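Here is the structure we will look at, set down as structure tokens.
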Protein chains: 2
Amino acid sequence: MAEPSSVLVASILGEYGAATRKELERVLESGEPRRHLYEPAADYPRRGGRMLRPSICIAATRAFGGRMDEAIHSAVSLELMHNAFLVHDDIEDESDLRRGEPTLHAKHGVPVALNVGDGLLVMGLTPLVENQRRLGPHLSMRVFEEALRMARESVEGQAIELGWREDNALDLVEADYLEMILKKTCWYTILYPLRIGALIGRRDRFELDRLIRFGFFLGAAFQIQDDLLNLIGDADRYGKELAGDLFEGKRTLMMIHALQQSGTADRKIVGEVLGKPREERSEGEVRWLRQWMDASGSIEYGREFAHGLAGAALHEFESAFEAVPDSRDRRFLEALPTWVLERA
Amino acid sequence: MAEPSSVLVASILGEYGAATRKELERVLESGEPRRHLYEPAADYPRRGGRMLRPSICIAATRAFGGRMDEAIHSAVSLELMHNAFLVHDDIEDESDLRRGEPTLHAKHGVPVALNVGDGLLVMGLTPLVENQRRLGPHLSMRVFEEALRMARESVEGQAIELGWREDNALDLVEADYLEMILKKTCWYTILYPLRIGALIGRRDRFELDRLIRFGFFLGAAFQIQDDLLNLIGDADRYGKELAGDLFEGKRTLMMIHALQQSGTADRKIVGEVLGKPREERSEGEVRWLRQWMDASGSIEYGREFAHGLAGAALHEFESAFEAVPDSRDRRFLEALPTWVLERA
């Protein structure tokens, strides 16, 4: 009898996560300068995390006919690049907490943290050179090309979001939000790991764009659920500041919805609160924003939207993975749309 | 009759610089998001500059038997990565001016500038994928590998220098300084462009480590001369703040020498001035530091040190380029040790 899908997801994340972590530790072994580079560089990657991205990469490689050892360097690369983005994003967003501990720049100052982020990016690209031993130069170059595409999408997504904050944008619509998270979240969380899996497993003989809609819907459901957890989750379990997104003035789907539902008076208040520098936003104001969102029905709207996207992802899975034979890895990928809504 | 070497250097920098700039403009063509990413990304690369690094890359490729079109993508990549480092370094050093204009973070704020630096890095790596058309996948992978080595050395060098500032290090010796600039300057300014030139020109059949001593001595002479110009140069011609290095508390060779020459009383004053946050260092204090350096004979010491290094570079050139036939490009590389001391 097949495992229930939630058990399957947990079990694959545990198994592939452990394999990635083992290889990751080899890369994180301390070099010099230790105190101002390699020690802080190992900080975020060792704070744990679900290892969702490397697990998707390994599972996709296997589902498409490859082996774990062919995917492991790309998986480690992805996890390190993810951590590099987190370090820089935390500086850009002036975040205080990451996985329940002070952010890197809060501990070491912006100059050291910024440079450590660059270091993590370089460390993250290095396994793509090591790919050559298992994949040869052509396929390794293709993976590198996909990594650059992903990094570019992420930087563009981040630029869009930073721009909204700089401009204090209040008139966004759902399509703006979806375009931003396609770039900022979906590419590096779902699409890139799936694409390199298909690339490696099928030796560059799979039309990668067939994965776009599944990856987009799944990644968008993931991001909206993440933003919902930030608004409603329990700080201890979630690890970031509760409602940190509101302190940061983040334009989430729920924020965009609430703005659309509001009259001139409320929009004016929100505009003033979001237009302030972060450190001037008070707890009282954040509490007001949170209640205003509730009153606008935006939490419920976000939940329904995420459900709709997960359903669409499930539907798209059929055509995207049509040519892929049944396997535990395929079932893992198929279970993800349901899983992203269930995680807390 | 051969051109005088200073004319030759100016002429090659002009010629190869223009070729690089033309290709660079193609890469900088504006995409979206424009205002918060691609427009600011084109800012530093368009502020001019000597194009020393891409010119060395192209000249080395040709001296070792290759063609300009085989080197051009690597040259553009290098120039973009150089600009990415400048953007991040300016944030880390809290610099106000770059090539006579406000730094990127002074214009756009730290969040946007940091992300733009990441964008420039991604844009800088992209031509290394395009290398494949001319160089094939194996050689392209080797260039990518060298680019990562260079980026890692740069990040490590930056970490060492940031660490000195964080720790308010006052007991450094010449060897510490030389190790730091080997990583922070020599690798990406001289060694990397030479190495990929030899790699491309000789199709991966040249022992790259033969270039290390020449590149190190030349790069070190270049950096010390750069630091001297910061102390003594004319702000209008130099483009950065006059004595900006003193405001930043930078541990230059001259600073290290002056500290070594000083008694307890002066060392105590310097320690206090350098230990302050940058914005608290007054103009009077910076003027005092400058006079103290003069009185310690440190400017003269730096000048002699740079001359000694340039002489050593000239000497090493003979053995490093022994197997390379005479050409205009070889003569350009040979002229560089003299040129770095003459530029103002």
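Ordering of the structure tokens sets the chain letters (A, B, ...), residue numbers begin anew at 1 in every chain, and ligands are numbered from 1 in the order given.
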
Nearby residues (only C-alpha atoms) at most 10 Å from Pro193 (chain B), same-chain spacing under 3 positions excluded, as a list of chain:residue names: B:Leu52, B:Arg53, B:Pro54, B:Ser55, B:Ile56, B:Cys57, B:Ile58, B:Ala59, B:Ala60, B:Thr61, B:Ala71, B:Ser74, B:Ala75, B:Leu78, B:Glu146, B:Ala147, B:Met150, B:Trp187, B:Tyr188, B:Thr189, B:Ile190, B:Ile196, B:Gly197, B:Ala198, B:Leu199, B:Gly215

Now that the selection is made, can you save its residues with N, CA and C atoms as a compact mmCIF listing (two decimals), in the first residue's frame?
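And here is the file that came out, result_3.txt:
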```txt
# COMPACT_ATOMS: atom_id res chain seq x y z
N LEU B 52 41.30 48.91 -17.60
CA LEU B 52 42.57 48.19 -17.45
C LEU B 52 42.38 46.67 -17.46
N ARG B 53 41.41 46.19 -16.67
CA ARG B 53 41.25 44.75 -16.50
C ARG B 53 40.85 44.04 -17.80
N PRO B 54 39.79 44.51 -18.48
CA PRO B 54 39.48 43.86 -19.76
C PRO B 54 40.61 43.97 -20.78
N SER B 55 41.35 45.09 -20.74
CA SER B 55 42.45 45.24 -21.70
C SER B 55 43.55 44.22 -21.43
N ILE B 56 43.85 43.98 -20.15
CA ILE B 56 44.86 42.95 -19.82
C ILE B 56 44.37 41.59 -20.29
N CYS B 57 43.09 41.33 -20.11
CA CYS B 57 42.52 40.04 -20.52
C CYS B 57 42.65 39.82 -22.03
N ILE B 58 42.31 40.85 -22.79
CA ILE B 58 42.39 40.72 -24.25
C ILE B 58 43.85 40.64 -24.70
N ALA B 59 44.71 41.50 -24.13
CA ALA B 59 46.13 41.49 -24.53
C ALA B 59 46.78 40.15 -24.20
N ALA B 60 46.46 39.60 -23.02
CA ALA B 60 47.05 38.31 -22.65
C ALA B 60 46.57 37.22 -23.60
N THR B 61 45.28 37.22 -23.93
CA THR B 61 44.75 36.22 -24.87
C THR B 61 45.53 36.28 -26.18
N ALA B 71 38.20 36.47 -26.44
CA ALA B 71 38.37 37.01 -25.09
C ALA B 71 37.27 37.98 -24.70
N SER B 74 34.71 37.26 -21.86
CA SER B 74 35.37 37.21 -20.54
C SER B 74 35.74 38.61 -20.09
N ALA B 75 36.14 39.46 -21.04
CA ALA B 75 36.52 40.84 -20.70
C ALA B 75 35.31 41.62 -20.19
N LEU B 78 34.35 40.40 -16.72
CA LEU B 78 35.27 40.94 -15.72
C LEU B 78 34.91 42.37 -15.35
N GLU B 146 37.91 29.72 -13.05
CA GLU B 146 38.86 30.79 -12.70
C GLU B 146 38.12 32.02 -12.17
N ALA B 147 36.95 32.31 -12.74
CA ALA B 147 36.17 33.46 -12.27
C ALA B 147 35.74 33.26 -10.81
N MET B 150 38.72 33.74 -8.54
CA MET B 150 38.97 35.17 -8.40
C MET B 150 37.96 35.82 -7.44
N TRP B 187 44.35 39.56 -7.46
CA TRP B 187 43.65 38.50 -8.17
C TRP B 187 42.75 39.05 -9.28
N TYR B 188 41.91 39.99 -8.93
CA TYR B 188 40.94 40.35 -9.96
C TYR B 188 41.43 41.43 -10.91
N THR B 189 42.45 42.19 -10.48
CA THR B 189 42.95 43.23 -11.36
C THR B 189 43.99 42.70 -12.35
N ILE B 190 44.83 41.80 -11.91
CA ILE B 190 45.93 41.35 -12.76
C ILE B 190 45.92 39.83 -13.00
N ILE B 196 43.09 33.91 -17.51
CA ILE B 196 42.13 33.49 -18.53
C ILE B 196 42.68 33.79 -19.93
N GLY B 197 43.50 34.85 -20.06
CA GLY B 197 44.15 35.09 -21.34
C GLY B 197 45.03 33.90 -21.74
N ALA B 198 45.85 33.45 -20.81
CA ALA B 198 46.73 32.30 -21.09
C ALA B 198 45.91 31.04 -21.35
N LEU B 199 44.82 30.89 -20.58
CA LEU B 199 43.94 29.73 -20.71
C LEU B 199 43.32 29.68 -22.11
N GLY B 215 52.06 38.74 -11.55
CA GLY B 215 50.75 39.34 -11.26
C GLY B 215 50.67 39.92 -9.86
```

Filtered DSSP result for region 99-316 of chain B, state helix (DSSP H, G or I), as a PyMOL selection string: chain B and resi 104-108+110-167+174-201+208-232+235-238+244-248+253-261+264-275+278-280+283-295+298-316

Expected answer as a ChimeraX atom specification: chain B residues within 6 Å of chain A, only C-alpha atoms: /B:36-37,92,111,119,137-138,155,159,163

Expected file contents, prior selection, C-alpha atoms, as an mmCIF file, in the first residue's frame:
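This went into again16.cif:
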```
data_model
loop_
_atom_site.group_PDB
_atom_site.id
_atom_site.type_symbol
_atom_site.label_atom_id
_atom_site.label_comp_id
_atom_site.auth_asym_id
_atom_site.auth_seq_id
_atom_site.Cartn_x
_atom_site.Cartn_y
_atom_site.Cartn_z
ATOM 1 C CA HIS B 36 15.078 50.100 -9.551
ATOM 2 C CA LEU B 37 17.419 47.660 -11.317
ATOM 3 C CA GLU B 92 30.643 48.306 3.106
ATOM 4 C CA PRO B 111 18.545 48.170 -0.239
ATOM 5 C CA GLY B 119 22.254 42.068 -10.402
ATOM 6 C CA PRO B 137 31.976 23.845 -23.104
ATOM 7 C CA HIS B 138 35.267 22.585 -21.605
ATOM 8 C CA VAL B 155 35.610 38.199 -0.959
ATOM 9 C CA ALA B 159 36.694 40.057 4.762
ATOM 10 C CA GLY B 163 37.945 42.517 10.004
#
```

Close residues, Val273 (chain B) itself excluded, 10 Å, only C-alpha atoms, min 5 positions apart in chain, as a ChimeraX atom specification: /B:168,246-247,249,267-268,278,280-282,285-286,288-289

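Relative to CA of Ala243 (chain B), CA of Gly263 (chain B) is found at 23.3 Å.
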
Shell around region 310-314 of chain B at 10 Å using only C-alpha atoms, local window under 3 positions removed, as number ranges by chain: B: 213-222, 304-307, 317-320, 333-341

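Pairwise distance (CA of Ile256 (chain A), CA of Leu97 (chain A)) equals 24.5 Å.
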
Neighbour list for region 44-50 of chain B as a list of chain:residue names, cut-off 10 Å, only C-alpha atoms, skip fewer than 5 positions in-chain: B:Ala10, B:Leu13, B:Gly14, B:Gly17, B:Arg21, B:Leu24, B:Glu25, B:Leu28, B:Ser55, B:Glu79, B:Leu80, B:His82, B:Asn83, B:Ala84, B:Leu86, B:Val87, B:Arg98, B:Arg99, B:Gly100, B:Glu101, B:Thr103, B:Leu104, B:Leu120

Selection to disk with N, CA and C atoms, as a PDB file, in the first residue's frame:
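Heads up, here's the output in selection35.pdb:
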```pdb
ATOM      1  N   ALA B  10      48.704  53.525 -23.524  1.00  0.00           N
ATOM      2  CA  ALA B  10      47.522  54.371 -23.749  1.00  0.00           C
ATOM      3  C   ALA B  10      46.759  53.902 -24.984  1.00  0.00           C
ATOM      4  N   LEU B  13      44.969  50.483 -24.252  1.00  0.00           N
ATOM      5  CA  LEU B  13      43.830  50.714 -23.347  1.00  0.00           C
ATOM      6  C   LEU B  13      42.680  51.360 -24.116  1.00  0.00           C
ATOM      7  N   GLY B  14      43.022  52.289 -25.018  1.00  0.00           N
ATOM      8  CA  GLY B  14      41.990  52.946 -25.814  1.00  0.00           C
ATOM      9  C   GLY B  14      41.298  51.967 -26.743  1.00  0.00           C
ATOM     10  N   GLY B  17      39.734  48.925 -24.709  1.00  0.00           N
ATOM     11  CA  GLY B  17      38.678  49.519 -23.884  1.00  0.00           C
ATOM     12  C   GLY B  17      37.434  49.811 -24.713  1.00  0.00           C
ATOM     13  N   ARG B  21      33.793  48.225 -24.297  1.00  0.00           N
ATOM     14  CA  ARG B  21      32.664  49.106 -24.021  1.00  0.00           C
ATOM     15  C   ARG B  21      31.503  48.858 -24.987  1.00  0.00           C
ATOM     16  N   LEU B  24      29.879  45.755 -23.927  1.00  0.00           N
ATOM     17  CA  LEU B  24      29.281  46.024 -22.623  1.00  0.00           C
ATOM     18  C   LEU B  24      27.927  46.720 -22.778  1.00  0.00           C
ATOM     19  N   GLU B  25      27.860  47.663 -23.704  1.00  0.00           N
ATOM     20  CA  GLU B  25      26.626  48.412 -23.916  1.00  0.00           C
ATOM     21  C   GLU B  25      25.482  47.479 -24.325  1.00  0.00           C
ATOM     22  N   LEU B  28      24.231  45.982 -21.215  1.00  0.00           N
ATOM     23  CA  LEU B  28      23.583  46.942 -20.317  1.00  0.00           C
ATOM     24  C   LEU B  28      22.250  47.449 -20.842  1.00  0.00           C
ATOM     25  N   SER B  55      41.352  45.087 -20.741  1.00  0.00           N
ATOM     26  CA  SER B  55      42.447  45.239 -21.702  1.00  0.00           C
ATOM     27  C   SER B  55      43.551  44.216 -21.429  1.00  0.00           C
ATOM     28  N   GLU B  79      34.650  43.186 -16.350  1.00  0.00           N
ATOM     29  CA  GLU B  79      34.321  44.588 -16.093  1.00  0.00           C
ATOM     30  C   GLU B  79      33.020  44.691 -15.272  1.00  0.00           C
ATOM     31  N   LEU B  80      32.041  43.832 -15.579  1.00  0.00           N
ATOM     32  CA  LEU B  80      30.780  43.867 -14.831  1.00  0.00           C
ATOM     33  C   LEU B  80      30.968  43.366 -13.400  1.00  0.00           C
ATOM     34  N   HIS B  82      33.706  43.525 -11.721  1.00  0.00           N
ATOM     35  CA  HIS B  82      34.441  44.622 -11.088  1.00  0.00           C
ATOM     36  C   HIS B  82      33.454  45.681 -10.575  1.00  0.00           C
ATOM     37  N   ASN B  83      32.494  46.048 -11.394  1.00  0.00           N
ATOM     38  CA  ASN B  83      31.513  47.052 -10.993  1.00  0.00           C
ATOM     39  C   ASN B  83      30.587  46.540  -9.888  1.00  0.00           C
ATOM     40  N   ALA B  84      30.266  45.256  -9.921  1.00  0.00           N
ATOM     41  CA  ALA B  84      29.474  44.662  -8.832  1.00  0.00           C
ATOM     42  C   ALA B  84      30.231  44.793  -7.513  1.00  0.00           C
ATOM     43  N   LEU B  86      32.497  46.997  -6.788  1.00  0.00           N
ATOM     44  CA  LEU B  86      32.562  48.415  -6.412  1.00  0.00           C
ATOM     45  C   LEU B  86      31.292  48.848  -5.685  1.00  0.00           C
ATOM     46  N   VAL B  87      30.132  48.429  -6.215  1.00  0.00           N
ATOM     47  CA  VAL B  87      28.859  48.802  -5.589  1.00  0.00           C
ATOM     48  C   VAL B  87      28.791  48.269  -4.153  1.00  0.00           C
ATOM     49  N   ARG B  98      32.256  58.071  -5.984  1.00  0.00           N
ATOM     50  CA  ARG B  98      32.885  57.079  -6.864  1.00  0.00           C
ATOM     51  C   ARG B  98      33.038  57.749  -8.221  1.00  0.00           C
ATOM     52  N   ARG B  99      34.266  57.844  -8.687  1.00  0.00           N
ATOM     53  CA  ARG B  99      34.545  58.524  -9.947  1.00  0.00           C
ATOM     54  C   ARG B  99      33.863  59.900 -10.028  1.00  0.00           C
ATOM     55  N   GLY B 100      33.970  60.649  -8.942  1.00  0.00           N
ATOM     56  CA  GLY B 100      33.504  62.040  -8.935  1.00  0.00           C
ATOM     57  C   GLY B 100      32.006  62.245  -8.776  1.00  0.00           C
ATOM     58  N   GLU B 101      31.249  61.160  -8.647  1.00  0.00           N
ATOM     59  CA  GLU B 101      29.794  61.301  -8.451  1.00  0.00           C
ATOM     60  C   GLU B 101      29.383  60.569  -7.171  1.00  0.00           C
ATOM     61  N   THR B 103      28.055  57.862  -4.699  1.00  0.00           N
ATOM     62  CA  THR B 103      28.011  56.406  -4.829  1.00  0.00           C
ATOM     63  C   THR B 103      26.569  55.940  -5.050  1.00  0.00           C
ATOM     64  N   LEU B 104      26.428  54.687  -5.489  1.00  0.00           N
ATOM     65  CA  LEU B 104      25.100  54.186  -5.842  1.00  0.00           C
ATOM     66  C   LEU B 104      24.155  54.168  -4.642  1.00  0.00           C
ATOM     67  N   LEU B 120      24.396  43.072 -10.986  1.00  0.00           N
ATOM     68  CA  LEU B 120      25.604  43.223 -11.807  1.00  0.00           C
ATOM     69  C   LEU B 120      26.444  41.947 -11.787  1.00  0.00           C
TER      70      LEU B 120
END
```

For Leu228 (chain A): contacts at 10 Å, only C-alpha atoms, fewer than 4 positions along chain excluded, given as a VMD selection string: chain A and resid 222 to 224 232 to 233 243 245 252 to 254 298 to 300 302 to 303 306 344

Just C-alpha atoms for this one: save the residues we selected as a PDB file, in the first residue's frame.
```pdb
ATOM      1  CA  PHE A 222       3.710  28.409  -1.285  1.00  0.00           C
ATOM      2  CA  GLN A 223       4.439  32.158  -1.047  1.00  0.00           C
ATOM      3  CA  ILE A 224       0.882  33.169  -0.178  1.00  0.00           C
ATOM      4  CA  ILE A 232      -1.467  34.456  11.684  1.00  0.00           C
ATOM      5  CA  GLY A 233       1.272  32.019  12.712  1.00  0.00           C
ATOM      6  CA  ALA A 243       3.647  40.108  11.511  1.00  0.00           C
ATOM      7  CA  ASP A 245       5.814  41.650   7.057  1.00  0.00           C
ATOM      8  CA  THR A 252       1.405  40.796   0.206  1.00  0.00           C
ATOM      9  CA  LEU A 253      -1.654  39.546  -1.635  1.00  0.00           C
ATOM     10  CA  MET A 254      -3.616  40.185   1.551  1.00  0.00           C
ATOM     11  CA  SER A 298      -8.263  39.636   3.366  1.00  0.00           C
ATOM     12  CA  ILE A 299      -6.948  36.711   5.391  1.00  0.00           C
ATOM     13  CA  GLU A 300      -9.843  34.599   4.194  1.00  0.00           C
ATOM     14  CA  GLY A 302      -5.634  34.892   0.788  1.00  0.00           C
ATOM     15  CA  ARG A 303      -6.502  31.439   2.038  1.00  0.00           C
ATOM     16  CA  ALA A 306      -3.831  29.856  -2.148  1.00  0.00           C
ATOM     17  CA  ALA A 344       2.185  25.569   9.627  1.00  0.00           C
TER      18      ALA A 344
END
```

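You can rank A:Val173, A:Val7, A:Leu135, A:Ala63 by their closest distance to Arg330 (chain A) using only C-alpha atoms, and at the top of that list sits A:Ala63.
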
Which of region 8-131 of chain B DSSP labels strand (DSSP E), written as a ChimeraX atom specification: /B:97-98,101-102

Gap from CA of Arg165 (chain A) to CA of Tyr192 (chain A) - Å, one decimal: 26.8 Å

Residue among B:Lys184, B:Asp227, B:Ala323, B:Leu191 lying closest to Phe206 (chain B), counting only C-alpha atoms: B:Ala323
